[in-house]
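Structure below is coords.csv: CSV, C-alpha atoms and all ligand atoms.
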chain,number,residue,atom,x,y,z
A,1,MET,CA,0.0,0.0,0.0
A,2,ALA,CA,1.4,3.3,-1.1
A,3,PHE,CA,-0.4,5.6,1.3
A,4,ALA,CA,1.4,7.4,4.1
A,5,ASN,CA,0.4,6.9,7.8
A,6,THR,CA,-1.7,9.8,8.9
A,7,LYS,CA,-0.9,9.4,12.5
A,8,GLN,CA,2.8,9.6,11.9
A,9,LEU,CA,2.4,12.6,9.6
A,10,LEU,CA,0.5,14.4,12.3
A,11,GLN,CA,2.8,13.5,15.2
A,12,LYS,CA,5.7,14.8,13.1
A,13,ALA,CA,3.8,18.0,12.4
A,14,GLN,CA,3.0,18.3,16.2
A,15,ARG,CA,6.7,18.1,17.0
A,16,GLY,CA,7.6,20.6,14.2
A,17,LYS,CA,4.8,23.0,15.0
A,18,TYR,CA,3.2,23.1,11.5
A,19,ALA,CA,0.0,21.7,10.1
A,20,ILE,CA,-0.7,19.2,7.4
A,21,GLY,CA,-3.2,20.2,4.8
A,22,HIS,CA,-6.3,18.0,4.5
A,23,PHE,CA,-8.0,18.6,1.1
A,24,ASN,CA,-11.3,17.2,0.0
A,25,ILE,CA,-11.3,15.4,-3.3
A,26,ASN,CA,-14.4,14.7,-5.5
A,27,ASN,CA,-12.9,14.1,-8.9
A,28,LEU,CA,-9.7,13.7,-10.9
A,29,GLU,CA,-9.1,17.4,-11.6
A,30,ILE,CA,-9.4,18.3,-7.9
A,31,LEU,CA,-7.0,15.5,-6.9
A,32,GLN,CA,-4.5,16.4,-9.6
A,33,GLY,CA,-4.5,20.1,-8.6
A,34,ILE,CA,-3.9,19.3,-5.0
A,35,VAL,CA,-1.2,16.8,-5.7
A,36,ALA,CA,0.6,19.1,-8.1
A,37,ALA,CA,0.7,21.8,-5.4
A,38,ALA,CA,2.0,19.4,-2.8
A,39,GLU,CA,4.7,18.0,-5.1
A,40,LYS,CA,5.8,21.4,-6.1
A,41,LEU,CA,6.2,22.5,-2.5
A,42,LYS,CA,7.5,19.1,-1.3
A,43,ALA,CA,4.7,19.0,1.3
A,44,PRO,CA,3.0,15.9,2.8
A,45,VAL,CA,-0.7,16.0,2.1
A,46,ILE,CA,-3.9,14.3,3.2
A,47,LEU,CA,-6.5,13.6,0.5
A,48,SER,CA,-9.9,13.2,1.9
A,49,THR,CA,-13.2,11.8,0.8
A,50,SER,CA,-16.5,12.7,2.5
A,51,GLU,CA,-19.5,10.4,2.4
A,52,GLY,CA,-20.9,12.9,-0.1
A,53,ALA,CA,-17.9,12.6,-2.4
A,54,ILE,CA,-18.2,8.8,-2.1
A,55,GLN,CA,-21.9,8.9,-3.1
A,56,TYR,CA,-20.9,11.2,-6.0
A,57,ALA,CA,-17.9,9.4,-7.4
A,58,GLY,CA,-17.8,6.0,-5.8
A,59,MET,CA,-15.3,4.9,-3.1
A,60,ASP,CA,-13.5,2.5,-5.4
A,61,TYR,CA,-12.9,5.2,-8.0
A,62,LEU,CA,-11.6,7.7,-5.5
A,63,VAL,CA,-9.3,5.1,-3.8
A,64,CYS,CA,-7.8,4.2,-7.2
A,65,LEU,CA,-7.2,7.8,-8.1
A,66,ALA,CA,-5.6,8.5,-4.7
A,67,GLN,CA,-3.5,5.3,-5.0
A,68,THR,CA,-2.2,6.3,-8.4
A,69,ALA,CA,-1.2,9.7,-7.0
A,70,ALA,CA,0.4,8.1,-3.9
A,71,LYS,CA,2.4,5.7,-6.1
A,72,LYS,CA,3.7,8.3,-8.5
A,73,ALA,CA,4.4,11.1,-6.1
A,74,LYS,CA,7.6,11.7,-4.2
A,75,ILE,CA,5.8,13.2,-1.2
A,76,PRO,CA,3.8,11.3,1.5
A,77,ILE,CA,0.1,11.2,0.6
A,78,ALA,CA,-2.4,9.9,3.0
A,79,LEU,CA,-6.0,9.0,2.3
A,80,HIS,CA,-8.6,9.9,4.9
A,81,LEU,CA,-12.4,9.4,5.3
A,82,ASP,CA,-14.0,12.7,6.2
A,83,HIS,CA,-17.0,12.9,8.6
A,84,GLY,CA,-17.7,9.2,8.6
A,85,ARG,CA,-21.1,8.6,10.1
A,86,ASP,CA,-22.3,5.4,8.4
A,87,LEU,CA,-20.5,2.5,10.0
A,88,ARG,CA,-20.7,0.5,6.8
A,89,VAL,CA,-18.8,3.2,4.9
A,90,ILE,CA,-16.3,3.4,7.7
A,91,LYS,CA,-15.7,-0.4,7.6
A,92,LYS,CA,-15.4,-0.3,3.8
A,93,ALA,CA,-12.8,2.5,4.0
A,94,ILE,CA,-10.8,0.6,6.6
A,95,ASN,CA,-10.9,-2.6,4.5
A,96,LEU,CA,-9.9,-0.7,1.3
A,97,GLY,CA,-6.7,0.6,2.8
A,98,TYR,CA,-7.5,4.2,3.8
A,99,SER,CA,-4.7,5.6,6.1
A,100,SER,CA,-7.3,7.1,8.5
A,101,VAL,CA,-11.0,7.5,9.1
A,102,MET,CA,-13.0,10.1,10.9
A,103,PHE,CA,-15.9,9.0,13.0
A,104,ASP,CA,-18.1,12.0,13.4
A,105,GLY,CA,-20.3,11.4,16.4
A,106,SER,CA,-20.4,15.0,17.3
A,107,HIS,CA,-24.2,15.1,16.9
A,108,LEU,CA,-24.6,12.3,19.5
A,109,PRO,CA,-24.9,12.5,23.3
A,110,PHE,CA,-21.4,12.2,24.9
A,111,GLU,CA,-21.7,8.6,26.0
A,112,GLU,CA,-23.0,7.5,22.6
A,113,ASN,CA,-20.2,9.3,20.8
A,114,VAL,CA,-17.7,7.6,23.2
A,115,LYS,CA,-19.2,4.2,22.6
A,116,LEU,CA,-19.3,4.4,18.8
A,117,THR,CA,-15.9,6.1,18.5
A,118,LYS,CA,-14.4,3.4,20.6
A,119,LYS,CA,-15.9,0.7,18.4
A,120,VAL,CA,-14.4,2.4,15.3
A,121,VAL,CA,-11.0,2.7,17.0
A,122,GLN,CA,-11.1,-1.1,17.7
A,123,TRP,CA,-11.9,-1.9,14.0
A,124,ALA,CA,-9.4,0.6,12.6
A,125,HIS,CA,-6.4,-0.2,14.9
A,126,ARG,CA,-6.6,-3.9,14.0
A,127,LYS,CA,-5.8,-2.9,10.5
A,128,GLY,CA,-3.3,-0.1,11.3
A,129,VAL,CA,-5.7,2.6,10.4
A,130,SER,CA,-5.8,5.7,12.6
A,131,VAL,CA,-9.0,7.5,13.8
A,132,GLU,CA,-10.1,11.1,14.0
A,133,ALA,CA,-13.0,11.8,16.3
A,134,GLU,CA,-15.0,15.0,17.0
A,135,LEU,CA,-16.2,16.6,20.2
A,136,GLY,CA,-18.4,19.7,20.2
A,137,THR,CA,-20.0,20.7,16.9
A,138,ILE,CA,-18.6,22.6,14.0
A,139,GLY,CA,-21.3,24.8,12.5
A,140,GLY,CA,-22.3,25.4,8.9
A,141,ALA,CA,-23.8,23.3,6.2
A,142,GLU,CA,-22.3,21.0,3.6
A,143,ASP,CA,-23.8,18.2,1.5
A,144,LEU,CA,-24.2,15.5,4.1
A,145,VAL,CA,-22.9,17.4,7.1
A,146,SER,CA,-26.1,19.1,8.3
A,147,ALA,CA,-26.4,22.7,9.5
A,148,ARG,CA,-26.2,23.1,13.2
A,149,LYS,CA,-25.1,25.6,15.8
A,150,ILE,CA,-21.6,25.6,17.1
A,151,LEU,CA,-21.2,23.8,20.5
A,152,TYR,CA,-17.7,24.6,21.7
A,153,THR,CA,-15.5,21.8,22.8
A,154,ASP,CA,-15.2,21.5,26.5
A,155,PRO,CA,-11.5,21.0,27.4
A,156,GLN,CA,-12.1,18.7,30.4
A,157,GLN,CA,-14.6,16.6,28.5
A,158,ALA,CA,-12.2,16.5,25.5
A,159,ALA,CA,-9.5,14.9,27.8
A,160,GLU,CA,-12.0,12.4,29.1
A,161,PHE,CA,-13.2,11.6,25.6
A,162,VAL,CA,-9.7,10.9,24.2
A,163,LYS,CA,-8.8,8.8,27.2
A,164,LYS,CA,-12.0,6.7,26.9
A,165,THR,CA,-12.0,6.3,23.2
A,166,GLY,CA,-8.3,5.9,22.3
A,167,CYS,CA,-8.8,8.1,19.2
A,168,ASP,CA,-5.6,9.2,17.5
A,169,PHE,CA,-6.5,12.8,16.8
A,170,LEU,CA,-9.3,15.1,17.8
A,171,ALA,CA,-11.4,17.7,15.8
A,172,VAL,CA,-12.2,20.6,18.0
A,173,ALA,CA,-15.0,23.2,17.8
A,174,ILE,CA,-13.5,26.6,18.5
A,175,GLY,CA,-15.8,28.8,16.3
A,176,THR,CA,-15.1,27.6,12.8
A,177,SER,CA,-17.9,26.3,10.6
A,178,HIS,CA,-18.2,24.5,7.3
A,179,GLY,CA,-19.0,26.2,4.0
A,180,ALA,CA,-18.6,29.8,2.7
A,181,TYR,CA,-20.7,31.6,5.2
A,182,LYS,CA,-18.7,31.3,8.4
A,183,PHE,CA,-19.2,34.5,10.3
A,184,SER,CA,-22.1,37.0,10.1
A,185,ASP,CA,-19.9,39.6,11.7
A,186,THR,CA,-16.1,39.8,12.5
A,187,ALA,CA,-14.3,36.4,12.3
A,188,TYR,CA,-13.7,35.1,15.8
A,189,LEU,CA,-12.0,31.9,16.9
A,190,ARG,CA,-12.0,30.9,20.6
A,191,ILE,CA,-8.2,30.8,20.9
A,192,ASP,CA,-8.5,30.8,24.7
A,193,LEU,CA,-10.4,27.6,24.5
A,194,LEU,CA,-7.8,26.0,22.2
A,195,LYS,CA,-5.1,26.9,24.7
A,196,GLU,CA,-7.1,25.1,27.4
A,197,ILE,CA,-7.8,22.0,25.2
A,198,LYS,CA,-4.1,21.8,24.3
A,199,LYS,CA,-3.1,21.7,28.0
A,200,LYS,CA,-5.3,18.8,28.6
A,201,VAL,CA,-5.2,16.8,25.3
A,202,LYS,CA,-2.0,15.3,24.0
A,203,VAL,CA,-3.2,13.9,20.7
A,204,PRO,CA,-2.9,16.1,17.5
A,205,LEU,CA,-5.8,18.5,17.2
A,206,VAL,CA,-7.7,19.1,13.9
A,207,LEU,CA,-9.4,22.3,12.6
A,208,HIS,CA,-12.4,21.8,10.4
A,209,GLY,CA,-14.3,24.6,8.6
A,210,ALA,CA,-11.0,26.4,8.1
A,211,SER,CA,-11.2,27.8,4.6
A,212,GLY,CA,-10.0,31.3,4.1
A,213,VAL,CA,-12.6,32.4,1.5
A,214,SER,CA,-10.2,35.0,0.3
A,215,LEU,CA,-11.3,38.2,-1.4
A,216,SER,CA,-9.3,37.4,-4.5
A,217,LEU,CA,-11.1,34.0,-4.9
A,218,ILE,CA,-14.5,35.7,-4.4
A,219,LYS,CA,-13.7,38.5,-6.8
A,220,GLU,CA,-12.5,36.1,-9.5
A,221,ALA,CA,-15.7,33.9,-9.2
A,222,GLU,CA,-18.0,37.0,-9.1
A,223,LYS,CA,-16.3,38.5,-12.1
A,224,TYR,CA,-17.6,35.6,-14.1
A,225,GLY,CA,-21.1,35.6,-12.6
A,226,ALA,CA,-21.0,33.8,-9.2
A,227,GLN,CA,-23.3,35.3,-6.6
A,228,LEU,CA,-21.5,35.1,-3.3
A,229,SER,CA,-22.7,38.0,-1.2
A,230,GLY,CA,-22.2,37.5,2.6
A,231,VAL,CA,-19.4,34.9,2.3
A,232,SER,CA,-16.6,34.9,4.9
A,233,GLY,CA,-13.8,32.7,6.0
A,234,VAL,CA,-11.1,32.2,8.6
A,235,PRO,CA,-8.4,34.9,8.3
A,236,ASP,CA,-4.8,33.7,7.7
A,237,ALA,CA,-3.6,35.3,11.0
A,238,GLN,CA,-6.0,33.2,13.0
A,239,ILE,CA,-4.9,30.0,11.2
A,240,ARG,CA,-1.3,30.8,12.1
A,241,GLU,CA,-2.3,31.4,15.7
A,242,ALA,CA,-4.2,28.1,15.8
A,243,ILE,CA,-1.1,26.2,14.5
A,244,LYS,CA,1.1,27.8,17.1
A,245,LEU,CA,-1.4,26.5,19.7
A,246,GLY,CA,-1.4,22.9,18.6
A,247,ILE,CA,-3.6,22.5,15.5
A,248,CYS,CA,-1.8,19.9,13.3
A,249,LYS,CA,-4.3,19.1,10.6
A,250,ILE,CA,-6.3,21.7,8.7
A,251,ASN,CA,-9.3,20.8,6.6
A,252,THR,CA,-10.0,22.8,3.4
A,253,ASP,CA,-12.8,22.1,1.0
A,254,THR,CA,-14.7,25.4,0.4
A,255,ASP,CA,-11.7,27.2,-0.9
A,256,LEU,CA,-11.2,24.4,-3.5
A,257,ARG,CA,-14.8,24.6,-4.5
A,258,LEU,CA,-14.6,28.4,-5.0
A,259,ALA,CA,-11.4,28.0,-7.0
A,260,PHE,CA,-12.9,25.3,-9.2
A,261,ASP,CA,-16.0,27.3,-9.7
A,262,ALA,CA,-14.1,30.4,-10.7
A,263,GLY,CA,-11.9,28.3,-13.1
A,264,VAL,CA,-14.9,26.8,-14.9
A,265,ARG,CA,-16.8,30.1,-15.1
A,266,LYS,CA,-13.8,31.9,-16.5
A,267,ALA,CA,-13.1,29.2,-19.1
A,268,LEU,CA,-16.8,29.2,-20.3
A,269,ALA,CA,-17.0,33.0,-20.3
A,270,GLU,CA,-13.8,33.6,-22.2
A,271,HIS,CA,-14.2,30.7,-24.7
A,272,PRO,CA,-17.9,30.4,-25.4
A,273,LYS,CA,-17.2,28.3,-28.5
A,274,ASP,CA,-15.3,25.6,-26.5
A,275,PHE,CA,-17.3,22.6,-25.5
A,276,ASP,CA,-14.5,20.1,-24.9
A,277,PRO,CA,-14.5,19.2,-21.1
A,278,ARG,CA,-10.8,19.3,-21.1
A,279,GLN,CA,-10.7,22.9,-22.2
A,280,ILE,CA,-13.3,23.7,-19.5
A,281,LEU,CA,-11.7,21.7,-16.6
A,282,ALA,CA,-8.0,22.3,-17.1
A,283,PRO,CA,-8.2,25.9,-15.9
A,284,ALA,CA,-10.2,24.7,-12.9
A,285,ARG,CA,-7.4,22.2,-12.1
A,286,GLU,CA,-4.9,25.0,-12.3
A,287,ALA,CA,-7.0,27.2,-10.0
A,288,ILE,CA,-7.1,24.3,-7.5
A,289,GLN,CA,-3.3,24.0,-7.6
A,290,LYS,CA,-2.9,27.7,-6.9
A,291,ILE,CA,-5.1,27.8,-3.9
A,292,ALA,CA,-3.7,24.5,-2.5
A,293,GLU,CA,-0.2,26.0,-2.8
A,294,GLU,CA,-1.4,29.1,-0.9
A,295,ARG,CA,-2.9,26.9,1.9
A,296,ILE,CA,0.2,24.7,2.2
A,297,LYS,CA,2.4,27.7,2.6
A,298,LEU,CA,0.1,29.1,5.2
A,299,PHE,CA,0.2,25.8,7.1
A,300,GLY,CA,4.0,25.7,7.2
A,301,SER,CA,4.2,22.2,5.7
A,302,GLU,CA,6.2,23.3,2.6
A,303,GLY,CA,9.4,21.3,2.4
A,304,LYS,CA,8.3,18.8,5.1
A,305,GLY,CA,7.6,16.0,2.7
B,401,LIG,O1,-16.8,19.0,6.0
B,401,LIG,C1,-17.3,18.7,5.0
B,401,LIG,C2,-16.7,18.7,3.7
B,401,LIG,O2,-16.6,20.0,3.1
B,401,LIG,C3,-17.3,17.8,2.7
B,401,LIG,O3,-18.5,18.3,2.3
B,401,LIG,O4,-20.2,16.4,2.6
B,401,LIG,O5,-20.5,18.3,0.9
B,401,LIG,O6,-18.8,16.6,0.5
B,401,LIG,P1,-19.6,17.3,1.5
B,402,LIG,P1,-14.4,24.3,4.8
B,402,LIG,O1,-15.8,24.3,4.4
B,402,LIG,O2,-14.1,25.5,5.6
B,402,LIG,O3,-13.5,24.2,3.7
B,402,LIG,O4,-14.1,23.1,5.8
B,402,LIG,C1,-13.9,21.8,5.2
B,402,LIG,C2,-13.9,20.7,6.2
B,402,LIG,O5,-13.9,20.9,7.4
B,402,LIG,C3,-13.9,19.3,5.7
B,402,LIG,O6,-14.0,18.4,6.7
B,403,ZN,ZN,-15.2,19.1,8.3

Once you've parsed the file, please lay out its structure as structure tokens.
Amino acid sequence: MAFANTKQLLQKAQRGKYAIGHFNINNLEILQGIVAAAEKLKAPVILSTSEGAIQYAGMDYLVCLAQTAAKKAKIPIALHLDHGRDLRVIKKAINLGYSSVMFDGSHLPFEENVKLTKKVVQWAHRKGVSVEAELGTIGGAEDLVSARKILYTDPQQAAEFVKKTGCDFLAVAIGTSHGAYKFSDTAYLRIDLLKEIKKKVKVPLVLHGASGVSLSLIKEAEKYGAQLSGVSGVPDAQIREAIKLGICKINTDTDLRLAFDAGVRKALAEHPKDFDPRQILAPAREAIQKIAEERIKLFGSEGKG
């Protein structure tokens, strides 16, 4: 198996005080853009498939794409299951050779979350697969990750949760949310809370809902017709601060979506006579590479591959 070990990548990042980029993949062009960025910057990278991505493209197809990339690339590439809720999907991912799986029991009562996370940890560890769990809830809406309010992670409960479940890394809720509409007012992360969690929890910490939704991406997409009023993301300075305080894995999906959207829109608007999917999707792949490079540099994982 050509995939890198997610736990080892994150432990190394923890020691080196940088974060590994987790990037969601849904198709060939997205994957190729991310991998091109990681190779160029010699950065380890985590490719991730949500249950929505699996429904869209098929787990077998996505695994094959990621395996091909991992075999060819000179950098460590891990494959991760994002927000796993369906135990059958989680089992299948473990059996197909994913490096790591997330069990997202954040919507469950504490004891139920502990019970199911522990079960997943037992299955996964038998096969050398590491497990991400979530405590507290990250807000926002994605395809299969339903909209909900942020419930901040309680530091004491987080320590108890990690001890009881044996999970390998923990996603924390400190004010981020999924999607492109993160803050109705000024961006605000509970850095104080992260400090407290870090004191009590020794496993690597994960930040979801971390896209930057940069003005340049928005302007580019809007220039070609996207309607994105009210969007906002996590400012770069807050990402840097979070890494200093122990975040070792940072999830990005929305920025990739925005870049892809802008790339497709631009290609169609500038070349209305083109109808070859390759002409339409190649600029989107380049846009993915560009944003992935920016994210990797921000996370400090450049040259760590
Ligand atoms: O955190 C969620 C990811 O952005 C995946 O979203 O379920 O729409 O694929 P999705
Ligand atoms: P964004 O929506 O901020 O990109 O977050 C993605 C994510 O957390 C995937 O798990
Ligand atoms: Zn997420």

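Minimum distance to ligand LIG 401 (chain B) across A:Leu207, A:Leu245, A:Val35, A:Ala2 (counting all atoms listed in the file) occurs at A:Leu207.
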
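Ranking A:Gly263, A:Gly140, A:Pro235, A:Gly58 by their shortest atom-to-atom distance to A:Ala221, with only C-alpha atoms included, puts A:Gly263 first.
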
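Atom CA of A:Leu79 is positioned 5.2 Å from atom CA of A:Tyr98.
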
Do you have, as JSON lines, the list of residues of chain A lying at most 8 Å from ligand ZN 403 (chain B), each with its nearest atom pair and that distance in Å to one decimal, counting all atoms listed in the file and ordered by chain then number?
{"residue": "A:Asp82", "atom": "CA", "partner": "B:ZN403", "partner_atom": "ZN", "distance": 6.8}
{"residue": "A:His83", "atom": "CA", "partner": "B:ZN403", "partner_atom": "ZN", "distance": 6.5}
{"residue": "A:Ile138", "atom": "CA", "partner": "B:ZN403", "partner_atom": "ZN", "distance": 7.5}
{"residue": "A:Val145", "atom": "CA", "partner": "B:ZN403", "partner_atom": "ZN", "distance": 8.0}
{"residue": "A:His178", "atom": "CA", "partner": "B:ZN403", "partner_atom": "ZN", "distance": 6.3}
{"residue": "A:Leu207", "atom": "CA", "partner": "B:ZN403", "partner_atom": "ZN", "distance": 7.9}
{"residue": "A:His208", "atom": "CA", "partner": "B:ZN403", "partner_atom": "ZN", "distance": 4.4}
{"residue": "A:Gly209", "atom": "CA", "partner": "B:ZN403", "partner_atom": "ZN", "distance": 5.6}
{"residue": "A:Asn251", "atom": "CA", "partner": "B:ZN403", "partner_atom": "ZN", "distance": 6.4}

Box in all listed atoms of stretch 190-203 of chain A, axis-aligned, with 6 Å more on each side; write out centre and edge lengths in Å to one decimal as lines of an AutoDock Vina configuration file.
center_x = -7.0
center_y = 22.4
center_z = 24.6
size_x = 22.0
size_y = 29.0
size_z = 20.0

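Nearest-residue note for A:Ala57: choosing from A:Ala259, A:Met102, A:Leu28, A:Cys248, the minimum distance belongs to A:Leu28, counting all atoms listed in the file.
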
Exercise for review: Using all atoms listed in the file, pick whichever of A:Leu31, A:Ile243, A:Ile288, A:Ile197 has the shortest atom-to-atom distance to A:Phe161.
Suggested key: A:Ile197

Point to revise | Contacts of ligand LIG 402 (chain B), 9 Å or closer, all atoms listed in the file, given as a PyMOL selection string | key: chain A and resi 22-24+48-50+82-83+138+140-142+145+176-182+207-213+233-234+250-257

Mind writing the picked residues with C-alpha atoms as a PDB file, in the frame of the given file?
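Result saved to again_11.pdb:
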ATOM      1  CA  HIS A  22      -6.300  18.000   4.500  1.00  0.00           C
ATOM      2  CA  PHE A  23      -8.000  18.600   1.100  1.00  0.00           C
ATOM      3  CA  ASN A  24     -11.300  17.200   0.000  1.00  0.00           C
ATOM      4  CA  SER A  48      -9.900  13.200   1.900  1.00  0.00           C
ATOM      5  CA  THR A  49     -13.200  11.800   0.800  1.00  0.00           C
ATOM      6  CA  SER A  50     -16.500  12.700   2.500  1.00  0.00           C
ATOM      7  CA  ASP A  82     -14.000  12.700   6.200  1.00  0.00           C
ATOM      8  CA  HIS A  83     -17.000  12.900   8.600  1.00  0.00           C
ATOM      9  CA  ILE A 138     -18.600  22.600  14.000  1.00  0.00           C
ATOM     10  CA  GLY A 140     -22.300  25.400   8.900  1.00  0.00           C
ATOM     11  CA  ALA A 141     -23.800  23.300   6.200  1.00  0.00           C
ATOM     12  CA  GLU A 142     -22.300  21.000   3.600  1.00  0.00           C
ATOM     13  CA  VAL A 145     -22.900  17.400   7.100  1.00  0.00           C
ATOM     14  CA  THR A 176     -15.100  27.600  12.800  1.00  0.00           C
ATOM     15  CA  SER A 177     -17.900  26.300  10.600  1.00  0.00           C
ATOM     16  CA  HIS A 178     -18.200  24.500   7.300  1.00  0.00           C
ATOM     17  CA  GLY A 179     -19.000  26.200   4.000  1.00  0.00           C
ATOM     18  CA  ALA A 180     -18.600  29.800   2.700  1.00  0.00           C
ATOM     19  CA  TYR A 181     -20.700  31.600   5.200  1.00  0.00           C
ATOM     20  CA  LYS A 182     -18.700  31.300   8.400  1.00  0.00           C
ATOM     21  CA  LEU A 207      -9.400  22.300  12.600  1.00  0.00           C
ATOM     22  CA  HIS A 208     -12.400  21.800  10.400  1.00  0.00           C
ATOM     23  CA  GLY A 209     -14.300  24.600   8.600  1.00  0.00           C
ATOM     24  CA  ALA A 210     -11.000  26.400   8.100  1.00  0.00           C
ATOM     25  CA  SER A 211     -11.200  27.800   4.600  1.00  0.00           C
ATOM     26  CA  GLY A 212     -10.000  31.300   4.100  1.00  0.00           C
ATOM     27  CA  VAL A 213     -12.600  32.400   1.500  1.00  0.00           C
ATOM     28  CA  GLY A 233     -13.800  32.700   6.000  1.00  0.00           C
ATOM     29  CA  VAL A 234     -11.100  32.200   8.600  1.00  0.00           C
ATOM     30  CA  ILE A 250      -6.300  21.700   8.700  1.00  0.00           C
ATOM     31  CA  ASN A 251      -9.300  20.800   6.600  1.00  0.00           C
ATOM     32  CA  THR A 252     -10.000  22.800   3.400  1.00  0.00           C
ATOM     33  CA  ASP A 253     -12.800  22.100   1.000  1.00  0.00           C
ATOM     34  CA  THR A 254     -14.700  25.400   0.400  1.00  0.00           C
ATOM     35  CA  ASP A 255     -11.700  27.200  -0.900  1.00  0.00           C
ATOM     36  CA  LEU A 256     -11.200  24.400  -3.500  1.00  0.00           C
ATOM     37  CA  ARG A 257     -14.800  24.600  -4.500  1.00  0.00           C
TER      38      ARG A 257
END

Review point. How far is it from atom CA of A:Phe3 to atom CA of A:Ser99, in Å with one decimal?
Key: 6.4 Å

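Closest approach to A:Ala73 among A:Ile218, A:Tyr224, A:Gly305, A:Asp168: A:Gly305, based on all atoms listed in the file.
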
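Interatomic distance, atom CA of A:Phe183 to atom CA of A:Lys297: 23.9 Å.
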
Check your understanding: With only C-alpha atoms and all ligand atoms as the atoms that count, which of A:Arg285, A:Arg190, A:Arg85, A:Lys195 lies nearest to ligand LIG 401 (chain B)?
Key -> A:Arg85

Practice item. For A:Leu87, list every protein, DNA or RNA residue within 10 Å, evaluated using all atoms listed in the file, and leave out those in the same chain fewer than 6 positions away; present the list as a VMD selection string. Key: chain A and resid 93 103 116 119 to 120

If you keep C-alpha atoms, can you output stretch 13-57 of chain A as a PDB file, in the first residue's frame?
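Wrote decode36.pdb, looks like this:
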ATOM      1  CA  ALA A  13       3.772  18.000  12.438  1.00  0.00           C
ATOM      2  CA  GLN A  14       2.999  18.304  16.152  1.00  0.00           C
ATOM      3  CA  ARG A  15       6.707  18.134  16.994  1.00  0.00           C
ATOM      4  CA  GLY A  16       7.582  20.555  14.182  1.00  0.00           C
ATOM      5  CA  LYS A  17       4.759  23.008  15.002  1.00  0.00           C
ATOM      6  CA  TYR A  18       3.207  23.088  11.543  1.00  0.00           C
ATOM      7  CA  ALA A  19      -0.020  21.663  10.112  1.00  0.00           C
ATOM      8  CA  ILE A  20      -0.687  19.163   7.363  1.00  0.00           C
ATOM      9  CA  GLY A  21      -3.242  20.186   4.756  1.00  0.00           C
ATOM     10  CA  HIS A  22      -6.331  17.987   4.508  1.00  0.00           C
ATOM     11  CA  PHE A  23      -7.960  18.625   1.150  1.00  0.00           C
ATOM     12  CA  ASN A  24     -11.286  17.175   0.028  1.00  0.00           C
ATOM     13  CA  ILE A  25     -11.337  15.381  -3.302  1.00  0.00           C
ATOM     14  CA  ASN A  26     -14.373  14.698  -5.470  1.00  0.00           C
ATOM     15  CA  ASN A  27     -12.939  14.112  -8.934  1.00  0.00           C
ATOM     16  CA  LEU A  28      -9.745  13.697 -10.938  1.00  0.00           C
ATOM     17  CA  GLU A  29      -9.057  17.375 -11.563  1.00  0.00           C
ATOM     18  CA  ILE A  30      -9.383  18.343  -7.907  1.00  0.00           C
ATOM     19  CA  LEU A  31      -7.035  15.542  -6.876  1.00  0.00           C
ATOM     20  CA  GLN A  32      -4.483  16.401  -9.562  1.00  0.00           C
ATOM     21  CA  GLY A  33      -4.481  20.095  -8.642  1.00  0.00           C
ATOM     22  CA  ILE A  34      -3.870  19.314  -4.961  1.00  0.00           C
ATOM     23  CA  VAL A  35      -1.155  16.756  -5.656  1.00  0.00           C
ATOM     24  CA  ALA A  36       0.610  19.075  -8.126  1.00  0.00           C
ATOM     25  CA  ALA A  37       0.697  21.762  -5.411  1.00  0.00           C
ATOM     26  CA  ALA A  38       2.003  19.374  -2.757  1.00  0.00           C
ATOM     27  CA  GLU A  39       4.669  17.977  -5.088  1.00  0.00           C
ATOM     28  CA  LYS A  40       5.824  21.433  -6.143  1.00  0.00           C
ATOM     29  CA  LEU A  41       6.171  22.508  -2.510  1.00  0.00           C
ATOM     30  CA  LYS A  42       7.465  19.139  -1.273  1.00  0.00           C
ATOM     31  CA  ALA A  43       4.695  18.986   1.310  1.00  0.00           C
ATOM     32  CA  PRO A  44       3.024  15.919   2.808  1.00  0.00           C
ATOM     33  CA  VAL A  45      -0.694  15.984   2.125  1.00  0.00           C
ATOM     34  CA  ILE A  46      -3.918  14.293   3.219  1.00  0.00           C
ATOM     35  CA  LEU A  47      -6.467  13.580   0.485  1.00  0.00           C
ATOM     36  CA  SER A  48      -9.906  13.205   1.940  1.00  0.00           C
ATOM     37  CA  THR A  49     -13.232  11.811   0.790  1.00  0.00           C
ATOM     38  CA  SER A  50     -16.495  12.732   2.474  1.00  0.00           C
ATOM     39  CA  GLU A  51     -19.503  10.430   2.384  1.00  0.00           C
ATOM     40  CA  GLY A  52     -20.944  12.908  -0.129  1.00  0.00           C
ATOM     41  CA  ALA A  53     -17.875  12.557  -2.355  1.00  0.00           C
ATOM     42  CA  ILE A  54     -18.202   8.774  -2.104  1.00  0.00           C
ATOM     43  CA  GLN A  55     -21.871   8.943  -3.112  1.00  0.00           C
ATOM     44  CA  TYR A  56     -20.933  11.170  -6.039  1.00  0.00           C
ATOM     45  CA  ALA A  57     -17.881   9.394  -7.423  1.00  0.00           C
TER      46      ALA A  57
END
